[in-house]
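Next comes data.txt, a file with compact mmCIF, C-alpha atoms.
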# COMPACT_ATOMS: atom_id res chain seq x y z
CA MET A 1009 95.24 34.12 107.48
CA LYS A 1010 93.26 37.36 107.42
CA ALA A 1011 95.92 38.97 105.22
CA ILE A 1012 95.52 36.17 102.66
CA LEU A 1013 91.73 36.27 102.77
CA GLY A 1014 91.82 40.05 102.44
CA ARG A 1015 93.78 39.79 99.21
CA ILE A 1016 91.46 37.11 97.86
CA TYR A 1017 88.48 39.30 98.70
CA PHE A 1018 90.15 42.28 97.00
CA VAL A 1019 90.51 40.25 93.78
CA TYR A 1020 86.86 39.17 94.05
CA LEU A 1021 85.74 42.78 94.55
CA ALA A 1022 87.81 44.05 91.61
CA LEU A 1023 86.67 41.28 89.26
CA LEU A 1024 83.01 41.70 90.15
CA PHE A 1025 83.28 45.46 89.68
CA GLY A 1026 84.82 44.97 86.25
CA ILE A 1027 82.27 42.36 85.17
CA THR A 1028 79.27 44.47 86.20
CA MET A 1029 80.84 47.62 84.77
CA LEU A 1030 80.81 46.35 81.18
CA PRO A 1031 77.01 46.19 80.69
CA VAL A 1032 76.63 49.45 82.63
CA SER A 1033 79.04 51.11 80.18
CA LEU A 1034 76.82 50.03 77.30
CA ILE A 1035 73.66 51.23 79.05
CA VAL A 1036 75.20 54.63 79.79
CA PHE A 1037 76.42 54.94 76.21
CA ILE A 1038 72.88 54.28 74.91
CA GLN A 1039 71.33 56.67 77.44
CA LYS A 1040 73.75 59.38 76.34
CA LYS A 1041 72.50 58.95 72.77
CA ILE A 1042 68.75 58.80 73.37
CA TYR A 1043 68.13 61.19 76.27
CA SER A 1044 68.16 64.98 76.15
CA GLU A 1045 70.61 66.95 78.30
CA GLU A 1046 67.79 67.66 80.75
CA LYS A 1047 66.68 64.01 81.13
CA PHE A 1048 70.06 62.29 80.99
CA PRO A 1049 71.13 63.02 84.64
CA LYS A 1050 68.02 61.32 86.03
CA ALA A 1051 68.49 58.28 83.77
CA LEU A 1052 72.16 58.07 84.77
CA HIS A 1053 71.30 58.40 88.46
CA ASN A 1054 68.77 55.56 88.23
CA THR A 1055 71.34 53.36 86.46
CA PHE A 1056 73.94 54.00 89.15
CA ARG A 1057 71.41 53.27 91.90
CA VAL A 1058 70.46 49.92 90.35
CA TRP A 1059 74.11 49.02 89.70
CA MET A 1060 75.25 49.78 93.23
CA GLY A 1061 72.07 48.25 94.65
CA ILE A 1062 73.26 44.97 93.13
CA PHE A 1063 77.03 45.36 93.48
CA MET A 1064 77.29 46.41 97.14
CA PRO A 1065 75.32 43.43 98.55
CA MET A 1066 77.27 41.09 96.27
CA ILE A 1067 80.54 42.23 97.89
CA PHE A 1068 78.89 41.76 101.31
CA CYS A 1069 78.88 45.50 102.07
CA PRO A 1070 75.22 46.47 102.56
CA VAL A 1071 74.50 50.20 102.66
CA LYS A 1072 71.94 51.68 105.06
CA HIS A 1073 70.69 55.22 104.44
CA PHE A 1074 69.47 57.64 107.08
CA GLY A 1075 67.87 61.06 106.66
CA LYS A 1076 66.84 60.97 102.99
CA GLU A 1077 63.56 62.60 104.02
CA LYS A 1078 65.51 65.80 104.75
CA PHE A 1079 65.80 66.48 101.01
CA LYS A 1080 62.92 68.74 100.00
CA LYS A 1081 61.14 68.14 96.72
CA ASN A 1082 62.02 70.53 93.87
CA LYS A 1083 65.04 71.86 95.79
CA ASN A 1084 68.68 71.16 95.09
CA TYR A 1085 71.66 71.17 97.44
CA VAL A 1086 75.41 71.25 97.70
CA VAL A 1087 75.90 67.87 99.41
CA VAL A 1088 79.19 67.69 101.32
CA VAL A 1089 80.49 64.27 102.35
CA ASN A 1090 83.55 63.00 104.25
CA HIS A 1091 86.05 60.99 102.23
CA ASN A 1092 87.99 57.99 103.58
CA SER A 1093 88.07 55.44 100.77
CA PHE A 1094 87.54 54.83 97.06
CA ILE A 1095 84.37 53.00 98.13
CA ASP A 1096 82.89 56.41 99.01
CA ILE A 1097 82.55 57.10 95.27
CA PRO A 1098 80.01 54.34 94.42
CA VAL A 1099 78.21 54.98 97.71
CA SER A 1100 77.82 58.77 97.66
CA ALA A 1101 76.14 59.89 94.43
CA PRO A 1102 73.72 56.92 94.11
CA GLY A 1103 72.85 57.37 97.78
CA ILE A 1104 71.57 60.90 97.25
CA PRO A 1105 67.84 60.67 96.49
CA MET A 1106 68.01 63.05 93.51
CA PRO A 1107 70.40 63.34 90.52
CA SER A 1108 73.75 64.87 91.39
CA ILE A 1109 77.04 65.80 89.78
CA THR A 1110 80.39 65.17 91.46
CA LEU A 1111 83.73 66.96 91.19
CA ALA A 1112 86.46 64.42 90.32
CA LYS A 1113 90.14 64.28 89.47
CA VAL A 1114 90.75 64.19 85.74
CA GLU A 1115 92.96 61.11 86.16
CA ILE A 1116 89.89 58.95 86.86
CA SER A 1117 88.53 59.64 83.38
CA LYS A 1118 91.53 57.78 81.93
CA VAL A 1119 90.55 54.45 83.52
CA PRO A 1120 89.14 52.14 80.77
CA PHE A 1121 85.33 51.83 80.78
CA PHE A 1122 84.94 53.20 84.33
CA GLY A 1123 86.44 56.50 83.22
CA TYR A 1124 83.79 56.81 80.54
CA ILE A 1125 80.99 56.03 82.99
CA TYR A 1126 82.30 58.24 85.74
CA LYS A 1127 82.91 61.35 83.68
CA GLN A 1128 79.27 61.36 82.54
CA GLY A 1129 78.21 62.39 86.04
CA THR A 1130 81.19 64.48 87.03
CA ILE A 1131 83.02 67.74 86.54
CA LEU A 1132 86.63 66.83 85.85
CA LEU A 1133 89.35 68.79 87.63
CA ASP A 1134 93.06 68.97 86.89
CA ARG A 1135 94.42 70.24 90.19
CA LYS A 1136 97.74 71.20 88.61
CA ASN A 1137 96.03 73.50 86.11
CA ARG A 1138 94.83 76.88 87.37
CA ASN A 1139 92.48 77.32 84.40
CA SER A 1140 90.93 73.92 85.13
CA ARG A 1141 90.22 74.96 88.72
CA TYR A 1142 88.53 78.14 87.52
CA GLU A 1143 86.52 76.31 84.84
CA SER A 1144 85.39 73.68 87.33
CA PHE A 1145 84.04 76.41 89.61
CA ILE A 1146 82.04 77.88 86.71
CA LYS A 1147 80.71 74.42 85.80
CA MET A 1148 79.63 73.80 89.40
CA LYS A 1149 77.61 77.00 89.32
CA GLU A 1150 76.02 75.89 86.03
CA VAL A 1151 75.07 72.54 87.56
CA LEU A 1152 73.29 74.24 90.44
CA ALA A 1153 71.56 76.63 88.02
CA ARG A 1154 70.15 73.57 86.22
CA GLY A 1155 68.55 72.41 89.47
CA LEU A 1156 70.89 69.45 90.04
CA ASN A 1157 72.70 68.59 93.25
CA LEU A 1158 76.44 68.91 93.67
CA CYS A 1159 78.11 66.10 95.62
CA LEU A 1160 81.48 67.32 96.92
CA TYR A 1161 84.21 66.05 99.22
CA PRO A 1162 85.42 69.20 101.00
CA GLU A 1163 88.53 67.41 102.30
CA GLY A 1164 89.66 67.40 98.67
CA THR A 1165 91.05 63.87 98.79
CA ARG A 1166 90.86 60.70 100.87
CA ASN A 1167 91.71 61.16 104.53
CA LYS A 1168 94.82 58.98 104.98
CA SER A 1169 95.62 60.32 108.45
CA GLU A 1170 94.55 59.05 111.86
CA ALA A 1171 92.36 62.14 112.29
CA LEU A 1172 88.62 61.49 112.18
CA LEU A 1173 88.19 64.25 109.59
CA GLY A 1174 90.62 66.15 107.39
CA LYS A 1175 90.82 69.90 106.88
CA PHE A 1176 88.20 71.38 104.55
CA LYS A 1177 88.79 73.48 101.45
CA ASP A 1178 86.61 76.53 100.67
CA GLY A 1179 85.31 75.65 97.19
CA ALA A 1180 82.08 73.89 98.15
CA PHE A 1181 81.11 76.70 100.49
CA LYS A 1182 81.92 79.52 98.10
CA VAL A 1183 79.85 77.99 95.33
CA ALA A 1184 76.96 77.39 97.76
CA ILE A 1185 76.97 81.02 98.91
CA GLU A 1186 77.32 82.45 95.40
CA ASN A 1187 74.39 80.38 94.14
CA GLU A 1188 72.32 80.70 97.32
CA THR A 1189 72.09 76.91 97.50
CA ASP A 1190 71.79 75.34 100.94
CA ILE A 1191 74.27 72.70 102.09
CA MET A 1192 73.23 69.16 103.00
CA ILE A 1193 75.71 67.56 105.38
CA GLY A 1194 76.43 63.89 104.70
CA VAL A 1195 78.59 61.37 106.58
CA ILE A 1196 79.64 57.94 105.33
CA LEU A 1197 80.70 55.40 107.94
CA GLY A 1198 82.47 52.09 107.40
CA THR A 1199 84.19 52.44 104.03
CA LYS A 1200 87.66 52.77 105.54
CA ASN A 1201 87.23 49.23 106.84
CA ILE A 1202 86.62 47.97 103.30
CA LEU A 1203 89.33 49.71 101.29
CA HIS A 1204 91.74 51.50 103.60
CA PRO A 1205 93.50 54.40 101.79
CA THR A 1206 96.96 53.24 102.92
CA LYS A 1207 96.62 49.49 102.26
CA LYS A 1208 97.29 48.12 98.77
CA MET A 1209 95.69 45.03 97.22
CA TYR A 1210 93.74 44.39 100.40
CA ALA A 1211 90.04 44.71 101.24
CA TRP A 1212 87.61 43.40 103.82
CA PRO A 1213 83.79 43.40 103.78
CA HIS A 1214 81.98 45.72 106.18
CA LYS A 1215 78.55 47.29 106.47
CA ILE A 1216 78.18 50.95 105.50
CA GLU A 1217 76.00 53.72 106.86
CA PHE A 1218 75.24 56.89 104.89
CA HIS A 1219 73.74 59.62 107.08
CA PHE A 1220 72.29 62.95 105.99
CA LEU A 1221 72.60 65.07 109.11
CA ASP A 1222 71.18 68.48 108.54
CA THR A 1223 70.73 71.38 106.16
CA GLU A 1224 72.91 74.44 106.63
CA GLU A 1225 71.17 77.50 105.18
CA VAL A 1226 73.54 79.86 103.39
CA ASN A 1227 71.38 82.98 103.06
CA GLN A 1228 72.89 84.36 106.27
CA TYR A 1229 76.42 84.23 104.82
CA GLU A 1230 78.29 86.56 102.49
CA LEU A 1231 81.02 85.26 100.21
CA LYS A 1232 83.73 86.67 102.48
CA GLU A 1233 82.31 84.48 105.25
CA ALA A 1234 82.87 81.21 103.37
CA ALA A 1235 85.50 80.14 105.92
CA SER A 1236 83.00 80.59 108.74
CA LEU A 1237 80.44 78.45 106.90
CA ARG A 1238 83.15 75.88 106.20
CA GLU A 1239 84.04 75.53 109.87
CA THR A 1240 80.40 75.45 110.99
CA VAL A 1241 79.71 72.53 108.65
CA ARG A 1242 82.95 70.77 109.57
CA ASP A 1243 82.18 71.06 113.29
CA LYS A 1244 78.76 69.46 112.80
CA MET A 1245 80.22 66.65 110.71
CA LEU A 1246 83.05 66.05 113.16
CA SER A 1247 80.70 65.98 116.17
CA PHE A 1248 78.62 63.27 114.51
CA ILE A 1249 81.68 61.25 113.52
CA GLU A 1250 83.07 61.45 117.07
CA LEU A 1251 79.81 59.99 118.40
CA ASN A 1252 79.98 57.19 115.84
CA LYS A 1253 83.74 56.69 115.47
CA ASN A 1254 83.43 52.98 116.23
CA LYS A 1255 81.58 52.67 112.88
CA LEU A 1256 83.94 54.89 110.90
CA GLY A 1257 86.62 52.29 110.11
Encoded form using structure tokens:
Amino acid sequence: MKAILGRIYFVYLALLFGITMLPVSLIVFIQKKIYSEEKFPKALHNTFRVWMGIFMPMIFCPVKHFGKEKFKKNKNYVVVVNHNSFIDIPVSAPGIPMPSITLAKVEISKVPFFGYIYKQGTILLDRKNRNSRYESFIKMKEVLARGLNLCLYPEGTRNKSEALLGKFKDGAFKVAIENETDIMIGVILGTKNILHPTKKMYAWPHKIEFHFLDTEEVNQYELKEAASLRETVRDKMLSFIELNKNKLG
């Protein structure tokens, strides 16, 4: 019975996402036309927050935020977040209290309507293209220079294993050190229960928690020590997840 209900719920989730996405596409298109490059990220961020503030309760997946007060005014961060599910995407960027840009696979931009919306707040990456990887790193540095946050998943992709946390890549930590931008550690709990990365056409409602744990200052690190910074951040994230693994999904 649960398998049948899970598929019905998946259809409901997908339909509701598509229905709400259409007016949001129009709003984003208009914002892109009327706002300057400096003001557009804030307008986009507010739109995403309103959209997800409506959508997530309607799919019976309320999101609770913890630690937003740790973001200092007039300061930007490289926000690193664990990644277990596609649901992490609509939860992460709108959940950060200030405008942010995300690194995303170029394939997402090809999805009708959602691709247009998503690429407005992202740096697109073609992992198979070496030039694309280099260009994305340059663009990330430009984002930080503009005073915006970067929201990155250091695991690189969804964690489909039984491990609580996947291995981290160096990119987020190198760009943080090079730009002298502190890291904000974020953990999302519960999304794996909603859309599990290994289950197709199945979903189940579950509450979500988005925690901002701590700031890791990067001024004590040199670029050659990016791996050390990476493991320090991963250890802190993993310790928190281990204490709350019953909520992880």
Mind listing as JSON, numbers by chain all residues within 12 Å of (72.7, 74.3, 91.1), counting only C-alpha atoms? {"A": [1082, 1083, 1084, 1085, 1086, 1087, 1107, 1108, 1109, 1110, 1145, 1146, 1147, 1148, 1149, 1150, 1151, 1152, 1153, 1154, 1155, 1156, 1157, 1158, 1159, 1180, 1183, 1184, 1185, 1186, 1187, 1188, 1189, 1190, 1191]}
Which residues are close to stretch 1192-1195 of chain A, i.e. within 7 Å by all atoms listed in the file, leaving aside same-chain residues fewer than 6 positions away? Reply as a PyMOL selection string. chain A and resi 1085-1090+1218-1224+1245
Show me, as CSV, the residues of stretch 1080-1144 of chain A having an atom within 8 Å of stretch 1059-1076 of chain A, each with the closest atom pair and its distance in Å, using all atoms listed in the file.
residue,atom,partner,partner_atom,distance
A:Pro1098,CA,A:Met1060,CA,6.7
A:Val1099,CA,A:Met1060,CA,7.5
A:Pro1102,CA,A:Met1060,CA,7.4
A:Gly1103,CA,A:His1073,CA,7.3
A:Ile1104,CA,A:Lys1076,CA,7.4
A:Pro1105,CA,A:Lys1076,CA,6.6
Mind pulling up the distance from atom CA of A:Ala1211 to atom CA of A:Arg1015? 6.5 Å
Report the distance between atom CA of A:Ala1011 and atom CA of A:Tyr1210 in Å, rounded to one decimal place.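 Interatomic distance, atom CA of A:Ala1011 to atom CA of A:Tyr1210: 7.6 Å.
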